[in-house]
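Printed here is protein-v2.cif (mmCIF, C-alpha atoms):
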```cif
data_query
loop_
_atom_site.label_atom_id
_atom_site.label_comp_id
_atom_site.auth_asym_id
_atom_site.auth_seq_id
_atom_site.Cartn_x
_atom_site.Cartn_y
_atom_site.Cartn_z
CA MET E 1 13.88 19.27 18.13
CA LYS E 2 15.76 15.96 18.50
CA LYS E 3 13.71 15.31 21.64
CA TYR E 4 10.46 15.51 19.65
CA ILE E 5 11.84 13.26 16.91
CA HIS E 6 12.74 10.58 19.47
CA ILE E 7 9.25 10.87 20.99
CA LEU E 8 7.56 10.40 17.58
CA ILE E 9 9.67 7.35 16.75
CA LEU E 10 8.94 5.87 20.17
CA LEU E 11 5.20 6.44 19.70
CA SER E 12 5.31 4.68 16.31
CA PHE E 13 7.01 1.64 17.84
CA SER E 14 4.84 1.50 20.96
CA SER E 15 1.57 1.90 19.03
CA GLY E 16 2.44 -0.98 16.73
CA ILE E 17 3.49 -3.20 19.62
CA ALA E 18 0.48 -2.36 21.74
CA TYR E 19 -2.01 -3.02 18.99
CA SER E 20 -0.70 -6.13 17.29
CA GLN E 21 2.09 -7.64 19.43
CA LEU E 22 5.51 -7.55 17.81
CA ILE E 23 6.11 -11.18 18.84
CA PRO E 24 2.74 -12.96 18.37
CA GLN E 25 1.74 -16.34 19.76
CA LEU E 26 -0.54 -17.46 16.95
CA GLY E 27 1.47 -16.63 13.84
CA ASN E 28 -0.28 -17.62 10.64
CA GLN E 29 -3.16 -19.12 12.62
CA ARG E 30 -4.51 -15.56 12.66
CA ALA E 31 -5.19 -15.71 8.90
CA GLY E 32 -8.72 -14.64 8.00
CA THR E 33 -9.32 -12.69 11.21
CA SER E 34 -9.50 -9.20 9.66
CA SER E 35 -11.79 -7.49 7.17
CA LEU E 36 -11.24 -5.15 4.20
CA GLN E 37 -8.49 -7.29 2.69
CA PHE E 38 -8.20 -5.09 -0.40
CA LEU E 39 -6.28 -2.55 1.71
CA LYS E 40 -3.36 -5.00 1.77
CA ILE E 41 -2.95 -5.07 -2.02
CA GLY E 42 0.20 -3.17 -3.00
CA VAL E 43 0.08 -0.30 -5.49
CA GLY E 44 2.46 0.97 -8.15
CA GLY E 45 4.58 -0.97 -10.61
CA ARG E 46 7.76 0.32 -8.99
CA ALA E 47 7.05 -0.65 -5.38
CA THR E 48 5.55 -4.04 -6.22
CA GLY E 49 8.44 -4.83 -8.58
CA MET E 50 10.77 -4.37 -5.58
CA GLY E 51 8.85 -6.97 -3.57
CA GLU E 52 6.85 -4.25 -1.76
CA THR E 53 9.96 -3.23 0.22
CA PHE E 54 9.04 0.42 -0.16
CA VAL E 55 8.40 2.11 3.21
CA ALA E 56 12.06 3.21 3.48
CA VAL E 57 12.24 4.21 -0.22
CA ALA E 58 8.84 5.90 -0.72
CA ASN E 59 10.13 8.75 -2.88
CA ASP E 60 7.29 8.93 -5.39
CA ILE E 61 3.55 9.57 -5.20
CA THR E 62 2.75 6.00 -4.15
CA ALA E 63 4.08 7.09 -0.75
CA LEU E 64 0.41 8.01 -0.24
CA PHE E 65 -0.13 4.27 0.20
CA TRP E 66 3.22 2.99 1.54
CA ASN E 67 4.47 5.70 3.87
CA PRO E 68 2.87 9.18 4.09
CA ALA E 69 6.17 10.63 5.37
CA GLY E 70 7.65 9.80 1.96
CA LEU E 71 5.86 12.78 0.41
CA MET E 72 8.76 14.88 1.71
CA GLN E 73 11.32 12.82 -0.22
CA PHE E 74 10.65 14.60 -3.53
CA GLU E 75 10.00 18.26 -4.35
CA GLU E 76 7.51 18.21 -7.22
CA ASN E 77 3.73 18.27 -7.39
CA GLY E 78 2.21 15.44 -9.38
CA VAL E 79 -0.28 12.65 -9.95
CA HIS E 80 -0.10 8.86 -10.17
CA PHE E 81 -2.33 6.23 -11.77
CA SER E 82 -1.97 2.48 -11.29
CA HIS E 83 -3.89 -0.53 -12.64
CA ALA E 84 -3.53 -4.17 -11.60
CA GLU E 85 -4.95 -7.28 -13.24
CA TRP E 86 -5.70 -8.96 -9.92
CA LEU E 87 -6.65 -12.54 -9.19
CA VAL E 88 -9.96 -14.16 -10.33
CA ASP E 89 -10.78 -11.35 -12.80
CA LEU E 90 -10.66 -8.57 -10.20
CA ASN E 91 -9.51 -5.10 -11.23
CA HIS E 92 -7.50 -3.04 -8.76
CA GLU E 93 -7.05 0.71 -9.32
CA PHE E 94 -5.15 3.43 -7.50
CA ALA E 95 -4.99 7.16 -8.18
CA GLY E 96 -3.28 9.85 -6.15
CA GLY E 97 -2.13 13.44 -6.26
CA VAL E 98 0.34 15.47 -4.21
CA TYR E 99 0.62 19.24 -3.74
CA ARG E 100 3.46 20.86 -1.81
CA ILE E 101 2.88 23.73 0.61
CA GLY E 102 6.18 25.54 0.98
CA LYS E 103 9.37 23.54 1.47
CA SER E 104 8.33 21.63 4.57
CA ASN E 105 4.71 20.53 4.04
CA ALA E 106 2.71 18.52 1.54
CA ILE E 107 -0.87 17.30 1.19
CA GLY E 108 -2.20 14.46 -0.90
CA LEU E 109 -5.40 12.75 -2.00
CA SER E 110 -5.74 9.09 -2.98
CA ILE E 111 -8.41 6.67 -4.18
CA ILE E 112 -8.25 2.86 -4.11
CA SER E 113 -10.78 0.66 -5.89
CA LEU E 114 -11.27 -3.09 -6.24
CA ASN E 115 -14.25 -4.37 -8.22
CA THR E 116 -15.70 -7.19 -10.28
CA PRO E 117 -18.11 -7.30 -13.22
CA ALA E 118 -21.71 -8.15 -12.36
CA MET E 119 -22.07 -11.82 -11.31
CA GLN E 120 -25.17 -13.98 -11.58
CA LYS E 121 -26.73 -15.28 -8.37
CA THR E 122 -26.89 -19.05 -7.96
CA THR E 123 -28.61 -21.32 -5.47
CA GLU E 124 -28.53 -24.97 -4.56
CA PHE E 125 -31.51 -25.62 -6.82
CA GLN E 126 -30.49 -23.14 -9.55
CA PRO E 127 -26.73 -23.71 -10.01
CA GLY E 128 -26.92 -22.25 -13.50
CA GLY E 129 -28.16 -18.90 -12.21
CA THR E 130 -31.38 -17.31 -11.02
CA GLY E 131 -31.41 -14.50 -13.56
CA GLU E 132 -30.50 -11.94 -10.88
CA TYR E 133 -27.11 -10.27 -10.70
CA PHE E 134 -24.98 -8.71 -7.96
CA LYS E 135 -21.69 -6.82 -7.67
CA TYR E 136 -18.76 -6.77 -5.30
CA GLY E 137 -16.74 -3.60 -4.85
CA ASP E 138 -14.31 -1.88 -2.48
CA LEU E 139 -13.55 1.82 -2.32
CA ALA E 140 -11.21 3.91 -0.15
CA PHE E 141 -10.57 7.67 -0.06
CA GLY E 142 -7.47 9.01 1.69
CA LEU E 143 -6.38 12.49 2.78
CA THR E 144 -2.67 12.79 3.63
CA PHE E 145 -0.55 15.41 5.35
CA ALA E 146 3.25 15.24 5.58
CA ARG E 147 5.77 17.53 7.24
CA LYS E 148 9.55 17.74 7.30
CA LEU E 149 10.69 18.54 10.85
CA THR E 150 14.43 18.56 10.09
CA GLU E 151 16.60 17.84 7.06
CA GLN E 152 16.79 14.24 8.28
CA PHE E 153 13.36 13.48 9.75
CA SER E 154 9.81 13.62 8.31
CA PHE E 155 6.46 12.28 9.40
CA GLY E 156 3.09 11.84 7.71
CA LEU E 157 -0.50 11.01 8.53
CA THR E 158 -3.30 9.66 6.32
CA PHE E 159 -6.99 9.66 7.25
CA ARG E 160 -8.98 7.17 5.19
CA TYR E 161 -12.67 6.44 4.61
CA VAL E 162 -13.36 2.86 3.45
CA GLU E 163 -16.48 1.28 1.97
CA GLU E 164 -17.15 -2.31 0.90
CA THR E 165 -20.27 -3.42 -0.99
CA LEU E 166 -21.42 -7.01 -1.52
CA ALA E 167 -24.87 -7.24 -3.08
CA GLU E 168 -27.28 -5.73 -0.53
CA LEU E 169 -24.68 -5.47 2.24
CA LYS E 170 -22.44 -2.48 2.84
CA MET E 171 -19.57 -2.01 5.29
CA ARG E 172 -18.06 1.38 6.16
CA GLY E 173 -15.17 2.43 8.34
CA PHE E 174 -12.60 5.10 9.15
CA MET E 175 -8.92 4.45 9.81
CA PHE E 176 -5.54 6.10 9.55
CA ASP E 177 -1.90 5.50 8.62
CA ILE E 178 1.09 7.04 10.34
CA GLY E 179 4.60 7.05 8.92
CA THR E 180 8.07 8.25 9.85
CA TYR E 181 11.13 8.62 7.62
CA TYR E 182 14.65 9.18 8.94
CA TRP E 183 17.96 9.72 7.13
CA THR E 184 20.47 8.24 9.53
CA GLY E 185 23.47 10.32 8.46
CA LEU E 186 25.47 7.14 7.76
CA SER E 187 26.22 7.31 4.04
CA ASN E 188 22.81 7.43 2.27
CA THR E 189 20.97 4.99 4.54
CA ARG E 190 17.42 5.69 5.70
CA PHE E 191 15.06 4.10 8.15
CA ALA E 192 11.26 4.12 8.22
CA VAL E 193 8.46 2.94 10.51
CA THR E 194 4.79 2.85 9.49
CA ILE E 195 1.46 1.72 10.89
CA SER E 196 -1.25 1.23 8.25
CA ASN E 197 -5.01 0.74 8.48
CA PHE E 198 -5.28 1.41 12.21
CA GLY E 199 -8.87 1.87 13.32
CA PRO E 200 -11.98 0.44 14.99
CA GLN E 201 -13.69 -2.79 14.09
CA VAL E 202 -16.26 -2.78 11.28
CA LYS E 203 -19.26 -4.90 10.38
CA PRO E 204 -21.76 -5.06 7.49
CA SER E 205 -25.06 -3.22 7.53
CA GLY E 206 -28.19 -4.23 5.64
CA SER E 207 -30.03 -7.54 5.41
CA ILE E 208 -30.04 -10.67 3.27
CA THR E 209 -32.52 -13.43 2.61
CA THR E 210 -31.25 -16.89 3.54
CA SER E 211 -31.80 -20.09 1.55
CA THR E 212 -34.61 -21.03 3.96
CA GLY E 213 -36.46 -17.77 3.33
CA GLY E 214 -35.45 -16.06 6.57
CA THR E 215 -33.82 -12.66 6.99
CA LEU E 216 -30.38 -12.06 8.43
CA SER E 217 -29.40 -8.53 9.54
CA GLU E 218 -26.94 -9.05 12.44
CA PHE E 219 -23.31 -9.66 11.59
CA GLN E 220 -20.03 -10.14 13.43
CA GLN E 221 -17.44 -7.38 13.77
CA PHE E 222 -13.88 -7.72 12.50
CA PRO E 223 -10.83 -5.43 12.78
CA PRO E 224 -9.26 -3.79 9.72
CA PRO E 225 -6.01 -5.31 8.38
CA THR E 226 -3.58 -3.29 10.50
CA MET E 227 0.05 -3.59 9.40
CA PHE E 228 3.18 -2.54 11.29
CA ARG E 229 6.27 -2.15 9.08
CA ILE E 230 9.95 -1.39 9.68
CA GLY E 231 12.14 -0.69 6.65
CA PHE E 232 15.77 0.09 5.89
CA ALA E 233 17.16 1.28 2.53
CA TYR E 234 20.68 1.86 1.21
CA ASP E 235 22.20 2.86 -2.14
CA PRO E 236 25.55 1.00 -2.45
CA ILE E 237 26.06 2.48 -5.94
CA ASP E 238 25.09 6.07 -6.69
CA ASN E 239 26.69 8.05 -9.54
CA LYS E 240 25.59 9.87 -12.71
CA THR E 241 25.37 6.65 -14.72
CA ASN E 242 24.41 3.88 -12.32
CA LYS E 243 22.40 3.71 -9.14
CA LEU E 244 21.49 0.66 -7.10
CA THR E 245 18.91 0.92 -4.33
CA THR E 246 18.52 -1.97 -1.90
CA SER E 247 15.79 -2.33 0.71
CA ILE E 248 14.79 -4.73 3.46
CA GLN E 249 11.50 -4.65 5.34
CA LEU E 250 9.94 -6.47 8.29
CA ASN E 251 6.14 -6.67 8.20
CA HIS E 252 3.90 -7.53 11.11
CA PRO E 253 0.21 -7.92 10.13
CA ASN E 254 -2.51 -8.38 12.73
CA ASP E 255 -3.98 -11.28 10.73
CA ASN E 256 -0.96 -13.42 9.88
CA ALA E 257 2.63 -14.25 10.78
CA GLU E 258 5.51 -11.83 10.43
CA ASN E 259 7.29 -11.84 7.10
CA LEU E 260 10.45 -10.36 5.64
CA ASN E 261 10.79 -8.73 2.21
CA ILE E 262 13.92 -7.79 0.30
CA GLY E 263 14.11 -5.78 -2.89
CA ALA E 264 16.40 -3.87 -5.23
CA GLU E 265 16.20 -1.32 -8.03
CA TYR E 266 18.92 -0.66 -10.61
CA SER E 267 18.84 2.64 -12.48
CA TYR E 268 20.80 3.45 -15.65
CA LYS E 269 21.19 7.21 -16.20
CA ASN E 270 17.91 7.75 -14.32
CA TYR E 271 16.14 6.54 -17.48
CA LEU E 272 15.96 2.73 -17.42
CA PHE E 273 15.04 0.84 -14.24
CA LEU E 274 15.22 -2.87 -13.45
CA ARG E 275 13.70 -4.23 -10.23
CA GLY E 276 13.33 -7.43 -8.27
CA GLY E 277 12.13 -8.61 -4.90
CA TYR E 278 11.40 -11.63 -2.74
CA LYS E 279 9.04 -12.31 0.18
CA PHE E 280 10.03 -14.73 2.93
CA ASN E 281 7.49 -16.55 5.14
CA VAL E 282 4.55 -15.59 2.93
CA GLU E 283 2.60 -18.72 2.09
CA SER E 284 0.97 -17.56 -1.15
CA GLU E 285 3.69 -15.30 -2.64
CA ASP E 286 7.40 -15.30 -3.37
CA PHE E 287 9.21 -13.36 -6.11
CA SER E 288 8.42 -10.27 -8.13
CA ALA E 289 10.16 -8.31 -10.88
CA GLY E 290 9.65 -5.16 -12.86
CA ILE E 291 10.91 -2.65 -15.40
CA GLY E 292 10.47 1.09 -15.71
CA PHE E 293 11.28 4.12 -17.86
CA LYS E 294 11.51 7.79 -16.97
CA VAL E 295 11.40 10.48 -19.66
CA PRO E 296 10.68 14.22 -19.73
CA ILE E 297 7.44 14.93 -21.60
CA SER E 298 6.46 18.59 -21.98
CA ILE E 299 6.56 20.13 -18.48
CA THR E 300 6.47 16.81 -16.63
CA LYS E 301 8.84 14.05 -15.62
CA THR E 302 6.94 10.93 -16.68
CA SER E 303 7.63 7.46 -15.29
CA LEU E 304 6.06 4.32 -16.73
CA ASP E 305 6.44 1.16 -14.63
CA TYR E 306 5.42 -2.47 -15.02
CA SER E 307 5.70 -5.35 -12.56
CA ILE E 308 4.82 -9.01 -12.25
CA ALA E 309 4.36 -10.96 -9.01
CA ASN E 310 4.15 -14.71 -8.51
CA TYR E 311 1.27 -15.96 -6.36
CA LYS E 312 2.34 -19.60 -6.66
CA ASP E 313 -0.81 -21.74 -7.06
CA LEU E 314 -2.93 -18.71 -8.00
CA GLY E 315 -0.71 -17.54 -10.85
CA PHE E 316 0.81 -14.18 -11.75
CA THR E 317 -0.51 -10.68 -11.21
CA HIS E 318 0.41 -7.77 -13.47
CA ARG E 319 0.59 -4.06 -12.65
CA ILE E 320 1.19 -1.02 -14.78
CA SER E 321 1.44 2.53 -13.49
CA ILE E 322 2.27 6.05 -14.62
CA ASN E 323 3.76 8.76 -12.44
CA LEU E 324 3.62 12.41 -13.58
CA LEU E 325 5.70 15.01 -11.73
CA LEU E 326 5.69 18.70 -12.65
CA ASP E 327 9.22 19.67 -13.68
CA LYS E 328 10.07 22.79 -11.68
CA LYS E 329 12.86 23.71 -14.08
CA LYS E 330 10.37 24.47 -16.88
#
```
Taking this structure as input, can you express it in the form of structure tokens?
Amino acid sequence: MKKYIHILILLSFSSGIAYSQLIPQLGNQRAGTSSLQFLKIGVGGRATGMGETFVAVANDITALFWNPAGLMQFEENGVHFSHAEWLVDLNHEFAGGVYRIGKSNAIGLSIISLNTPAMQKTTEFQPGGTGEYFKYGDLAFGLTFARKLTEQFSFGLTFRYVEETLAELKMRGFMFDIGTYYWTGLSNTRFAVTISNFGPQVKPSGSITTSTGGTLSEFQQFPPPTMFRIGFAYDPIDNKTNKLTTSIQLNHPNDNAENLNIGAEYSYKNYLFLRGGYKFNVESEDFSAGIGFKVPISITKTSLDYSIANYKDLGFTHRISINLLLDKKK
């Protein structure tokens, strides 16, 4: 069994290196070279409050987004809903559900949405609007499977259908995420490797009318925003009253320079949670913070989380999420 675990970890590393070069030559000069940017927006008030250092924590339903192998880090079935007040009046939504099959398998479904209200079309000669309106929207559906191979090692796979609509143009694609999660056996440390949004290039379909009255129906292809992540988590304090979780994560996107995130979560009696995080070498972002509460309601364990993230010149973003797990003791 250990032989297969080593092979899976090696495949995760080699796939990420082969696709996006672990040591790139262009760094942040690659910015703007991928499509479907909404897939890079983090989900969940808990994960984003920790500076998105979550691939090696991933022990709630948002593992559907961060690391599919994380579905094996908790035992309950449940659902999750998340809402973000994103930049420039965009609304970002995430919903997911997890169902366990026996002790060693789990499946999950997830939906991601980013949309705007209807906007009025403008032209050079009608800057106040033409009277016509259009919408922009992104949508992604994910199907996840996770399996625990040993008490220490789990892996997961997500297959995702993605669709982007801008007025008359529509772009569709298929991609997948792969994740591994490994308890090292050294105290309570764990190690995770993920590859997200891996798939073929996509391009818009449809046609538009140009300002000169012509028609444009051929468009350039762009790759999805593939991300290779390595994370490490450790709980230096873990008792009945206090728990402190720390996490560090190296991110390698195919459309920007590498960056490093650190984050922490303090828990008091598994009821009150305080979180913070920081991103290094990210031009538009830096710190984040959050708070959360966990209470038993009826037959569920309910978590309510809120986070704020600083996007420097663009301002703050706010997220609120609710996590509902079925309490097996009731």
- Message: Just to confirm, what's the straight-line distance from atom CA of Arg46 of chain E to atom CA of Val282 of chain E in Å (one decimal)?
- Response: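 That distance, rounded to one decimal, is 20.1 Å.
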- Note on the structure: The distance between atom CA of Phe38 of chain E and atom CA of Leu260 of chain E is 20.3 Å
If the PyMOL selection byres ((chain E and resi 166) around 7) were run on this exact file, what residues would it hold? Put them as an mmCIF file with C-alpha atoms, keeping the file's coordinate frame.
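What ended up in expr26.cif:
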```
data_model
loop_
_atom_site.group_PDB
_atom_site.id
_atom_site.type_symbol
_atom_site.label_atom_id
_atom_site.label_comp_id
_atom_site.auth_asym_id
_atom_site.auth_seq_id
_atom_site.Cartn_x
_atom_site.Cartn_y
_atom_site.Cartn_z
ATOM 1 C CA LYS E 135 -21.690 -6.820 -7.670
ATOM 2 C CA TYR E 136 -18.760 -6.770 -5.300
ATOM 3 C CA GLY E 137 -16.740 -3.600 -4.850
ATOM 4 C CA GLU E 164 -17.150 -2.310 0.900
ATOM 5 C CA THR E 165 -20.270 -3.420 -0.990
ATOM 6 C CA ALA E 167 -24.870 -7.240 -3.080
ATOM 7 C CA GLU E 168 -27.280 -5.730 -0.530
ATOM 8 C CA LEU E 169 -24.680 -5.470 2.240
ATOM 9 C CA LYS E 170 -22.440 -2.480 2.840
#
```
- Just say which residues the PyMOL selection byres ((chain E and resi 141) around 8) picks in this file, as a VMD selection string. chain E and resid 109 to 112 139 to 140 142 to 143 160 to 162
Serialized selection, C-alpha atoms, as a short mmCIF file (atom, residue, chain, number, x, y, z; two decimals), keeping the file's coordinate frame:
```cif
data_model
loop_
_atom_site.label_atom_id
_atom_site.label_comp_id
_atom_site.auth_asym_id
_atom_site.auth_seq_id
_atom_site.Cartn_x
_atom_site.Cartn_y
_atom_site.Cartn_z
CA LEU E 109 -5.40 12.75 -2.00
CA SER E 110 -5.74 9.09 -2.98
CA ILE E 111 -8.41 6.67 -4.18
CA ILE E 112 -8.25 2.86 -4.11
CA LEU E 139 -13.55 1.82 -2.32
CA ALA E 140 -11.21 3.91 -0.15
CA GLY E 142 -7.47 9.01 1.69
CA LEU E 143 -6.38 12.49 2.78
CA ARG E 160 -8.98 7.17 5.19
CA TYR E 161 -12.67 6.44 4.61
CA VAL E 162 -13.36 2.86 3.45
#
```
- On this structure, which residues satisfy the PyMOL selection byres ((chain E and resi 179) around 7), written as a list in words?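 When the PyMOL selection byres ((chain E and resi 179) around 7) is applied to the shown file, the picked residues are Asn67, Pro68, Ala69, Phe155, Gly156, Leu157, Asp177, Ile178, Thr180, Tyr181, Val193, Thr194 and Ile195 of chain E.
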Mind dumping the selected residues with C-alpha atoms as a PDB file, in the coordinates of the input?
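Listing of result.pdb after writing:
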```pdb
ATOM      1  CA  ASN E  67       4.470   5.700   3.870  1.00  0.00           C
ATOM      2  CA  PRO E  68       2.870   9.180   4.090  1.00  0.00           C
ATOM      3  CA  ALA E  69       6.170  10.630   5.370  1.00  0.00           C
ATOM      4  CA  PHE E 155       6.460  12.280   9.400  1.00  0.00           C
ATOM      5  CA  GLY E 156       3.090  11.840   7.710  1.00  0.00           C
ATOM      6  CA  LEU E 157      -0.500  11.010   8.530  1.00  0.00           C
ATOM      7  CA  ASP E 177      -1.900   5.500   8.620  1.00  0.00           C
ATOM      8  CA  ILE E 178       1.090   7.040  10.340  1.00  0.00           C
ATOM      9  CA  THR E 180       8.070   8.250   9.850  1.00  0.00           C
ATOM     10  CA  TYR E 181      11.130   8.620   7.620  1.00  0.00           C
ATOM     11  CA  VAL E 193       8.460   2.940  10.510  1.00  0.00           C
ATOM     12  CA  THR E 194       4.790   2.850   9.490  1.00  0.00           C
ATOM     13  CA  ILE E 195       1.460   1.720  10.890  1.00  0.00           C
TER      14      ILE E 195
END
```
- Just give me the gap between atom CA of Pro204 of chain E and atom CA of Asn91 of chain E in Å, one decimal is fine. 22.4 Å
- Task: Can you work out which one of E:Ile41, E:Leu250, E:Met50, E:Leu87 has the shortest atom-to-atom distance to Ile291 of chain E, counting all atoms listed in the file?
- Result: E:Met50
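Nearest-residue note for Gly96 of chain E: choosing from E:Val43, E:Ala146, E:Val55, E:Val202, the minimum distance belongs to E:Val43, counting all atoms listed in the file.
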- Message: Show me the residues close to (-31.0, -13.1, -14.4) - anything with an atom within 12 Å, counting only C-alpha atoms - and format the list as a PyMOL selection string.
- Response: chain E and resi 118-122+126+128-134
- Message: So, with all atoms listed in the file as the atoms that count, which of E:Ala58, E:Met175, E:Leu90, E:Leu36 lies closest to Leu114 of chain E?
- Response: E:Leu90
- Message: Please return as a list in words every residue within 7 Å of (0.8, 2.6, -1.8), taking into account only C-alpha atoms and the file's own coordinates.
- Response: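 Residues close enough to count: Gly42, Val43, Gly44, Thr62, Ala63, Leu64, Phe65 and Trp66 of chain E.
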Could you take the residues named above and write them with C-alpha atoms, as a tab-separated table (two decimals), keeping the file's coordinate frame?
```
chain	number	residue	atom	x	y	z
E	42	GLY	CA	0.20	-3.17	-3.00
E	43	VAL	CA	0.08	-0.30	-5.49
E	44	GLY	CA	2.46	0.97	-8.15
E	62	THR	CA	2.75	6.00	-4.15
E	63	ALA	CA	4.08	7.09	-0.75
E	64	LEU	CA	0.41	8.01	-0.24
E	65	PHE	CA	-0.13	4.27	0.20
E	66	TRP	CA	3.22	2.99	1.54
```
Kindly complete segment 292-307 of chain E to N, CA and C atoms; the output should be written as an mmCIF file, keeping the file's coordinate frame.
```cif
data_model
loop_
_atom_site.group_PDB
_atom_site.id
_atom_site.type_symbol
_atom_site.label_atom_id
_atom_site.label_comp_id
_atom_site.auth_asym_id
_atom_site.auth_seq_id
_atom_site.Cartn_x
_atom_site.Cartn_y
_atom_site.Cartn_z
ATOM 1 N N GLY E 292 11.037 -0.238 -15.647
ATOM 2 C CA GLY E 292 10.470 1.090 -15.710
ATOM 3 C C GLY E 292 11.289 2.013 -16.594
ATOM 4 N N PHE E 293 10.632 3.092 -17.049
ATOM 5 C CA PHE E 293 11.280 4.120 -17.860
ATOM 6 C C PHE E 293 10.869 5.489 -17.338
ATOM 7 N N LYS E 294 11.808 6.424 -17.375
ATOM 8 C CA LYS E 294 11.510 7.790 -16.970
ATOM 9 C C LYS E 294 11.976 8.735 -18.073
ATOM 10 N N VAL E 295 11.061 9.549 -18.579
ATOM 11 C CA VAL E 295 11.400 10.480 -19.660
ATOM 12 C C VAL E 295 10.713 11.814 -19.404
ATOM 13 N N PRO E 296 11.348 12.925 -19.822
ATOM 14 C CA PRO E 296 10.680 14.220 -19.730
ATOM 15 C C PRO E 296 9.701 14.390 -20.890
ATOM 16 N N ILE E 297 8.458 14.683 -20.581
ATOM 17 C CA ILE E 297 7.440 14.930 -21.600
ATOM 18 C C ILE E 297 6.800 16.274 -21.281
ATOM 19 N N SER E 298 6.990 17.248 -22.186
ATOM 20 C CA SER E 298 6.460 18.590 -21.980
ATOM 21 C C SER E 298 7.008 19.156 -20.675
ATOM 22 N N ILE E 299 6.119 19.525 -19.744
ATOM 23 C CA ILE E 299 6.560 20.130 -18.480
ATOM 24 C C ILE E 299 6.572 19.109 -17.342
ATOM 25 N N THR E 300 6.518 17.836 -17.671
ATOM 26 C CA THR E 300 6.470 16.810 -16.630
ATOM 27 C C THR E 300 7.636 15.840 -16.751
ATOM 28 N N LYS E 301 7.958 15.202 -15.638
ATOM 29 C CA LYS E 301 8.840 14.050 -15.620
ATOM 30 C C LYS E 301 7.928 12.829 -15.531
ATOM 31 N N THR E 302 7.889 12.033 -16.576
ATOM 32 C CA THR E 302 6.940 10.930 -16.680
ATOM 33 C C THR E 302 7.644 9.602 -16.462
ATOM 34 N N SER E 303 7.112 8.792 -15.558
ATOM 35 C CA SER E 303 7.630 7.460 -15.290
ATOM 36 C C SER E 303 6.566 6.429 -15.633
ATOM 37 N N LEU E 304 6.955 5.427 -16.389
ATOM 38 C CA LEU E 304 6.060 4.320 -16.730
ATOM 39 C C LEU E 304 6.667 3.044 -16.159
ATOM 40 N N ASP E 305 5.919 2.330 -15.329
ATOM 41 C CA ASP E 305 6.440 1.160 -14.630
ATOM 42 C C ASP E 305 5.527 -0.040 -14.801
ATOM 43 N N TYR E 306 6.157 -1.208 -14.897
ATOM 44 C CA TYR E 306 5.420 -2.470 -15.020
ATOM 45 C C TYR E 306 6.038 -3.487 -14.066
ATOM 46 N N SER E 307 5.184 -4.298 -13.441
ATOM 47 C CA SER E 307 5.700 -5.350 -12.560
ATOM 48 C C SER E 307 4.858 -6.602 -12.676
#
```
